[in-house]
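Novice: Here it is, the structure, as structure tokens.
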Amino acid sequence: MSRRALRRLRGEQRGQEGPGLGELGLDPGPERAREGGPPPVPGKGPRGPRRAGVSNRFELIPAEESEDEPAAGEERPDTRLSEQDTAGGNQEGSKDRNKEGAVTEETDGDGQREGQEQPDQTLATNNKPRKKKKKRKTKKNSAGETVEDNDLEDIDSLLERIEDPRLAPQSQGGITTDTRPLLYVEHRNLNPENELKRYFGARAVLGDQRPRQRQRQYVRSMWLTAPKNTWPRYSKTGITMQLLDTRRGVQHFTFEHHREYQQVQFKFLDAVESMDPNNIVLLLQMNPYHVDSLLQLSDVCRMQEDQEMARDLIERALYSLECAFHPVFSLTSGTCRLDYRRPENRAFFLALFKHLMFLEKRGCPRTALEFCKLILSLDPENDPLCVLLLIDFLSLRAREYTFLTRLFQEWESHRNLFQLPNFAFSVPLAYFFLSQQEERPELERSQARERAARLIQLALIMFPSVLMPLLDHCSVQPDARVASHPFFGLNAQISQSPALNQLTSLYVGRTHALWKDPAVMAWLEPHVHEVLCMVEARNAVVQEAEHKRKIRYQSAPRNIYRHIILSEMKEATAALPLEVTSQPVMGFDPLPPLDSIVSYTRPERTSHPSNESTLSLFFRSLLPNFNLEGDIRHDGDDEAGAAQDLNQGVNRLMAAMRDMLANIQFQEPPRDDNPEGDGDWD
């Protein structure tokens with residue numbers, strides 16, 4: 001069958017067909033013999049002379065068509081056909097052979113004479129025309145391949161120019177920066193499984209979850225959490241989100257509680273006041289997606305060392321809140337705001353914070369950093385949970401050094417980040433790690449090294465009380481000069497204010513593991529000695545830092561206290577003031593703002609009169625129906641009314657005592673059916 005017939009059967013265009021029968025080594029001679037036709041005469045075609053050395057008449061297709069065949073070195077497409085297609089195409093192939101016979105009539109006479117002179121050398125010269133055709137195709141295709149290689153080289157050169165770090169945007173200090181917004185959140189980084197797959201591989205993370213996912217019921221796709229089959233079926237809880245206003249491209253949202261959800265919230269407050277976690281469990285059985293109940297019960301499970309259940313409850317709370325999102329609310333834009341002063345919004349902040357703490361303990365610092373950026377983007381001006389005390393630690397653990405340095409450069413001017421001990425020490429540490437990356441240009445590495453040296457010296461001068469506790473946590477013994485010098489000694493820790501002591505204790509307790517690297521300690525040691533030389537020389541920078549420490553850090557704001565309580569760092573919690581530790585702290589709303597915006601209030605509970613005496617309360621505990629005061633008098637003289645009330649109270653007391661004594665019944669002791677007994681003692 002000719003290639004043209006195959007092309008017609010398959011509906012292909014030129015250049016898409018497979019190898020012909022001649023290239024597959026098939027000889028149509030035997031087929032012609034089976035059909036009853038005369039055997040082919042050497043040098044003679046069916047209707048005219050043939051070219052010399054041509055054993056396959058399908059090779060006589062014009063050169064224009066043969067140029068469409070793939071080159072000898074190229075891969076040919078699969079041309080497998082079914083038996084029915086091949087049988088059906090034989091008829092069309094016979095018509096094509098007649099056309100090909102007409103084509104052979106146009107051959108030159110030289111080929112005919114050569115065919116007559118050498119009839120016996122037909123088989124010996126089978127490959128000659130094929131070699132010539134391949135040579136022509138090679139020339140043609142080689143030119144085409146050359147053009148294609150040039151195109152590939154152009155594409156590769158463009159990609160190299162795009163990926164060249166020298167062409168990337170750089171800041172003034174030479175450190176590579178990102179053109180996206182600072183608090184830009186990526187959806188793929190909100191999934192901890194993606195980070196675990198990068199560490200351990202998809203097979204180790206997913207395991208046997210793939211076949212199960214085909215049988216699981218349809219659930220709504222979420223960005224913050226992945227719904228689990230073990231969770232109760234979700235239904236509307238009564239929480240919605242509303243868009244309040246839009247100012248300067250920033251959208252302000254708020255959560256709202258419907259009347260049904262408010263009733264559940266009142267029941268939850270009653271369960272919390274009962275101090276019995278079982279009441280919260282009963283409430284969750286009736287309302288499995290009540291957010292505050294999930295947060296409070298998560299704390300109870302965490303205290304009982306049930307970390308898996310505590311994390312599951314937090315994820316369920318996030319799922320409930322995400323289902324109530326406004327259609328315009330975006331997690332990634334960084335322009336959506338929530339006011340922490342509204343009690344309805346606090347659950348979302350707290351659920352995100354507790355979730356990122358679980359992620360950090362789970363070993364997913366990159367995902368935790370993304371959630372930290374999300375919390376900061378919801379209220380960057382006030383930062384109600386003070387995640388700025390945590391974001392540097394997560395950046396260092398996730399090795400996002402460029403993000404940390406960029407945050408410091410863009411926010412230092414209006415937020416005074418260097419006044420926080422965590423930024424004062426973490427930013428130079430990030431520059432040091434950048435200077436150790438060999439894939440960066442040498443100029444950029446040297447600039448990062450200089451910045452790290454300058455900033456770590458300023459940090460040691462501003463916060464000298466950090467060094468000795470940091471070395472103690474790292475199990476590093478300082479030399480005699482540093483240990484005996486009063487600038488870094490015990491006096492530096494005692495003389496600082498309680499607010500500064502809380503910040504330094506929080507930083508040392510959280511990030512001391514990052515300083516245990518021997519390379520970091522080797523880099524820190526010469527700068528400590530350089531600072532001691534500046535102190536002994538009475539440098540003006542040292543005097544200015546001491547003056548700032550005395551004026552500032554008089555008292556910590558409320559959001560720092562809230563962060564310390566949520567972080568549960570023993571070193572920082574022990575330094576909290578008495579006014580914070582003396583008041584009850586609830587897990588669903590720790591240290592609420594003093595200027596809260598309340599949208600609905602809890603109705604007052606019907607309670608007994610508060611002016612009852614101790615005797616009245618005692619008898620009420622014995623006799624619940626007893627009331628010493630009786631009905632409240634609304635008229636008459638006060639003294640006469642008081643005496644009459646006393647007499648009536650005594651009479652009621654005596655009547656109640658008589659009723660109690662009359663209802664007392666003495667039961668006879670049980671009789672023993674076997675008075676003799678068996679003589680055994682239990």
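Naming scheme: A, B, ... for chains in displayed order of the structure tokens; residues 1 onward per chain; ligands 1 onward as shown.
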I'd like the neighbourhood of range 247-257 of chain A as a PyMOL selection string, where a residue qualifies if any of its atoms comes within 7 Å (using only C-alpha atoms), though same-chain residues fewer than 5 positions away should be ignored.
Specialist: chain A and resi 238-242+262+335-338+344-345
Novice: Please produce a file of those selected residues containing N, CA and C atoms, as a PDB file, in the first residue's frame.
Specialist:
ATOM      1  N   GLY A 238     -23.681  29.683  61.383  1.00  0.00           N
ATOM      2  CA  GLY A 238     -24.190  30.988  61.802  1.00  0.00           C
ATOM      3  C   GLY A 238     -23.134  32.065  61.801  1.00  0.00           C
ATOM      4  N   ILE A 239     -21.948  31.777  61.237  1.00  0.00           N
ATOM      5  CA  ILE A 239     -20.885  32.779  61.117  1.00  0.00           C
ATOM      6  C   ILE A 239     -20.824  33.231  59.666  1.00  0.00           C
ATOM      7  N   THR A 240     -20.772  34.527  59.465  1.00  0.00           N
ATOM      8  CA  THR A 240     -20.612  35.105  58.133  1.00  0.00           C
ATOM      9  C   THR A 240     -19.558  36.201  58.199  1.00  0.00           C
ATOM     10  N   MET A 241     -19.086  36.618  57.040  1.00  0.00           N
ATOM     11  CA  MET A 241     -18.118  37.707  56.947  1.00  0.00           C
ATOM     12  C   MET A 241     -18.714  38.810  56.086  1.00  0.00           C
ATOM     13  N   GLN A 242     -18.548  40.028  56.557  1.00  0.00           N
ATOM     14  CA  GLN A 242     -19.077  41.189  55.860  1.00  0.00           C
ATOM     15  C   GLN A 242     -17.952  42.155  55.529  1.00  0.00           C
ATOM     16  N   GLN A 262     -25.115  33.109  68.428  1.00  0.00           N
ATOM     17  CA  GLN A 262     -25.016  33.838  69.691  1.00  0.00           C
ATOM     18  C   GLN A 262     -25.553  33.002  70.847  1.00  0.00           C
ATOM     19  N   THR A 335      -3.994  42.852  51.360  1.00  0.00           N
ATOM     20  CA  THR A 335      -4.741  44.106  51.490  1.00  0.00           C
ATOM     21  C   THR A 335      -6.063  43.921  52.209  1.00  0.00           C
ATOM     22  N   CYS A 336      -6.288  42.784  52.843  1.00  0.00           N
ATOM     23  CA  CYS A 336      -7.527  42.533  53.591  1.00  0.00           C
ATOM     24  C   CYS A 336      -7.241  42.650  55.086  1.00  0.00           C
ATOM     25  N   ARG A 337      -8.070  43.368  55.790  1.00  0.00           N
ATOM     26  CA  ARG A 337      -7.839  43.665  57.199  1.00  0.00           C
ATOM     27  C   ARG A 337      -8.991  43.149  58.059  1.00  0.00           C
ATOM     28  N   LEU A 338      -8.630  42.748  59.276  1.00  0.00           N
ATOM     29  CA  LEU A 338      -9.584  42.362  60.310  1.00  0.00           C
ATOM     30  C   LEU A 338      -9.204  43.094  61.589  1.00  0.00           C
ATOM     31  N   GLU A 344     -15.631  38.960  67.468  1.00  0.00           N
ATOM     32  CA  GLU A 344     -15.892  37.949  66.446  1.00  0.00           C
ATOM     33  C   GLU A 344     -14.650  37.640  65.610  1.00  0.00           C
ATOM     34  N   ASN A 345     -13.725  38.598  65.502  1.00  0.00           N
ATOM     35  CA  ASN A 345     -12.531  38.396  64.676  1.00  0.00           C
ATOM     36  C   ASN A 345     -11.388  37.728  65.429  1.00  0.00           C
TER      37      ASN A 345
END
Novice: Residues of range 164-324 of chain A in helix (DSSP H, G or I) according to DSSP, as a ChimeraX atom specification?
Specialist: /A:165-167,187-190,192-200,202-206,209-215,259-273,277-286,291-303,307-322
Novice: Show me, as JSON lines, the residues of range 339-408 of chain A having an atom within 9 Å of range 550-573 of chain A, each with the closest atom pair and its distance in Å, using only C-alpha atoms.
Specialist:
{"residue": "A:Leu350", "atom": "CA", "partner": "A:Leu566", "partner_atom": "CA", "distance": 8.8}
{"residue": "A:Phe353", "atom": "CA", "partner": "A:Leu566", "partner_atom": "CA", "distance": 8.3}
{"residue": "A:Lys354", "atom": "CA", "partner": "A:Leu566", "partner_atom": "CA", "distance": 7.9}
{"residue": "A:Met357", "atom": "CA", "partner": "A:Ser567", "partner_atom": "CA", "distance": 8.0}
{"residue": "A:Asn382", "atom": "CA", "partner": "A:Asn559", "partner_atom": "CA", "distance": 8.6}
{"residue": "A:Asp383", "atom": "CA", "partner": "A:Asn559", "partner_atom": "CA", "distance": 7.5}
{"residue": "A:Pro384", "atom": "CA", "partner": "A:Asn559", "partner_atom": "CA", "distance": 5.3}
{"residue": "A:Leu385", "atom": "CA", "partner": "A:His563", "partner_atom": "CA", "distance": 5.4}
{"residue": "A:Cys386", "atom": "CA", "partner": "A:Asn559", "partner_atom": "CA", "distance": 5.7}
{"residue": "A:Val387", "atom": "CA", "partner": "A:His563", "partner_atom": "CA", "distance": 7.5}
{"residue": "A:Leu389", "atom": "CA", "partner": "A:His563", "partner_atom": "CA", "distance": 8.2}
Novice: Do you know which residues are at most 9 Å from range 475-489 of chain A counting only C-alpha atoms, after dropping those on the same chain fewer than 3 positions away, and could you put them as a count of residues only?
Specialist: 18
Novice: Quick one, how far is CA of Ala310 in chain A from CA of Arg510 in chain A?
Specialist: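 Distance reported for this atom pair: 21.7 Å.
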Novice: Residues of range 208-452 of chain A classed as strand (DSSP E) by DSSP on the backbone are to be reported as a PyMOL selection string.
Specialist: chain A and resi 239-247+250-257+336-338
Novice: Any idea what the distance is between CA of Asp339 in chain A and CA of Leu594 in chain A?
Specialist: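 Between these atoms lies a distance of 13.5 Å.
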Novice: Record the distance separating CA of Glu186 in chain A and CA of Glu438 in chain A, expressed in Å with one decimal.
Specialist: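 Between CA of Glu186 in chain A and CA of Glu438 in chain A the gap works out to 27.3 Å.
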Novice: Write out as JSON, numbers by chain the residues lying within 12 Å of Glu308 in chain A, counting only C-alpha atoms and excluding same-chain residues fewer than 5 positions away.
Specialist: {"A": [298, 299, 301, 302, 303, 313, 314, 315, 355, 358, 359, 361, 362]}
Novice: How about saving the chosen residues, all heavy atoms kept, as a tab-separated table (two decimals), in the first residue's frame?
Specialist:
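Here's the written file part.tsv:
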chain	number	residue	atom	x	y	z
A	298	SER	N	-9.05	22.52	72.61
A	298	SER	CA	-7.70	22.24	72.12
A	298	SER	C	-6.66	22.50	73.20
A	298	SER	O	-5.69	21.73	73.36
A	298	SER	CB	-7.41	23.08	70.88
A	298	SER	OG	-6.08	22.92	70.45
A	299	ASP	N	-6.83	23.56	73.96
A	299	ASP	CA	-5.91	23.83	75.07
A	299	ASP	C	-6.00	22.73	76.13
A	299	ASP	O	-4.98	22.34	76.71
A	299	ASP	CB	-6.22	25.19	75.69
A	299	ASP	CG	-5.85	26.34	74.77
A	299	ASP	OD1	-5.10	26.09	73.80
A	299	ASP	OD2	-6.32	27.46	75.00
A	301	CYS	N	-6.79	19.57	75.63
A	301	CYS	CA	-6.10	18.38	75.09
A	301	CYS	C	-4.59	18.55	75.11
A	301	CYS	O	-3.84	17.59	75.37
A	301	CYS	CB	-6.59	18.10	73.68
A	301	CYS	SG	-8.33	17.63	73.56
A	302	ARG	N	-4.12	19.75	74.83
A	302	ARG	CA	-2.68	19.98	74.84
A	302	ARG	C	-2.11	19.85	76.25
A	302	ARG	O	-1.00	19.35	76.43
A	302	ARG	CB	-2.39	21.37	74.26
A	302	ARG	CG	-0.93	21.68	74.10
A	302	ARG	CD	-0.76	22.97	73.30
A	302	ARG	NE	-1.68	23.99	73.74
A	302	ARG	CZ	-1.50	24.76	74.80
A	302	ARG	NH1	-0.42	24.61	75.55
A	302	ARG	NH2	-2.39	25.68	75.14
A	303	MET	N	-2.85	20.31	77.25
A	303	MET	CA	-2.40	20.14	78.63
A	303	MET	C	-2.39	18.69	79.05
A	303	MET	O	-1.59	18.29	79.91
A	303	MET	CB	-3.31	20.96	79.57
A	303	MET	CG	-3.22	22.45	79.38
A	303	MET	SD	-4.38	23.35	80.45
A	303	MET	CE	-4.09	25.02	79.92
A	313	LEU	N	-8.36	19.76	66.41
A	313	LEU	CA	-9.42	20.71	66.77
A	313	LEU	C	-9.13	22.09	66.21
A	313	LEU	O	-10.05	22.80	65.78
A	313	LEU	CB	-9.56	20.76	68.29
A	313	LEU	CG	-10.09	19.47	68.95
A	313	LEU	CD1	-10.02	19.60	70.47
A	313	LEU	CD2	-11.51	19.18	68.52
A	314	ILE	N	-7.86	22.50	66.20
A	314	ILE	CA	-7.50	23.80	65.64
A	314	ILE	C	-7.76	23.82	64.14
A	314	ILE	O	-8.27	24.80	63.59
A	314	ILE	CB	-6.03	24.13	65.96
A	314	ILE	CG1	-5.85	24.33	67.47
A	314	ILE	CG2	-5.59	25.37	65.21
A	314	ILE	CD1	-6.62	25.49	68.04
A	315	GLU	N	-7.42	22.75	63.45
A	315	GLU	CA	-7.66	22.68	62.02
A	315	GLU	C	-9.16	22.71	61.72
A	315	GLU	O	-9.60	23.31	60.73
A	315	GLU	CB	-7.04	21.41	61.44
A	315	GLU	CG	-5.51	21.42	61.47
A	315	GLU	CD	-4.92	20.14	60.93
A	315	GLU	OE1	-5.71	19.23	60.58
A	315	GLU	OE2	-3.69	20.03	60.85
A	355	HIS	N	-2.23	27.34	65.09
A	355	HIS	CA	-1.93	26.41	64.00
A	355	HIS	C	-0.47	26.52	63.57
A	355	HIS	O	0.20	25.50	63.32
A	355	HIS	CB	-2.86	26.70	62.82
A	355	HIS	CG	-2.71	25.74	61.69
A	355	HIS	ND1	-2.86	24.38	61.82
A	355	HIS	CD2	-2.40	25.94	60.36
A	355	HIS	CE1	-2.67	23.79	60.65
A	355	HIS	NE2	-2.38	24.71	59.77
A	358	PHE	N	1.79	24.73	66.01
A	358	PHE	CA	1.81	23.28	65.77
A	358	PHE	C	2.65	22.94	64.55
A	358	PHE	O	3.36	21.92	64.54
A	358	PHE	CB	0.39	22.75	65.60
A	358	PHE	CG	-0.36	22.56	66.89
A	358	PHE	CD1	-1.50	23.29	67.17
A	358	PHE	CD2	0.08	21.66	67.84
A	358	PHE	CE1	-2.20	23.12	68.36
A	358	PHE	CE2	-0.61	21.48	69.04
A	358	PHE	CZ	-1.75	22.21	69.30
A	359	LEU	N	2.58	23.76	63.51
A	359	LEU	CA	3.38	23.51	62.31
A	359	LEU	C	4.87	23.63	62.61
A	359	LEU	O	5.68	22.84	62.10
A	359	LEU	CB	2.98	24.50	61.21
A	359	LEU	CG	1.60	24.31	60.58
A	359	LEU	CD1	1.29	25.45	59.64
A	359	LEU	CD2	1.53	22.98	59.84
A	361	LYS	N	6.37	23.06	65.47
A	361	LYS	CA	6.77	21.88	66.24
A	361	LYS	C	6.78	20.63	65.37
A	361	LYS	O	7.53	19.70	65.64
A	361	LYS	CB	5.82	21.68	67.43
A	361	LYS	CG	5.89	22.79	68.46
A	361	LYS	CD	4.88	22.56	69.58
A	361	LYS	CE	4.93	23.70	70.61
A	361	LYS	NZ	3.92	23.50	71.68
A	362	ARG	N	5.96	20.62	64.34
A	362	ARG	CA	5.90	19.48	63.44
A	362	ARG	C	7.09	19.42	62.49
A	362	ARG	O	7.33	18.41	61.84
A	362	ARG	CB	4.59	19.55	62.65
A	362	ARG	CG	4.24	18.32	61.85
A	362	ARG	CD	2.94	18.55	61.09
A	362	ARG	NE	2.61	17.43	60.22
A	362	ARG	CZ	1.59	17.43	59.37
A	362	ARG	NH1	0.80	18.50	59.29
A	362	ARG	NH2	1.36	16.39	58.59
Novice: So which residues touch Gln436 in chain A within 12 Å, counting only C-alpha atoms, skipping near sequence neighbours fewer than 4 positions away, as an NGL selection string?
Specialist: :A and (401 or 429-432 or 440-442 or 444-449 or 452 or 519-520 or 523)
Novice: Kindly indicate which residue among A:Thr246, A:Thr511, A:Asn287, A:Ser596 lies nearest to Gln263 in chain A, using only C-alpha atoms for the distances.
Specialist: A:Asn287
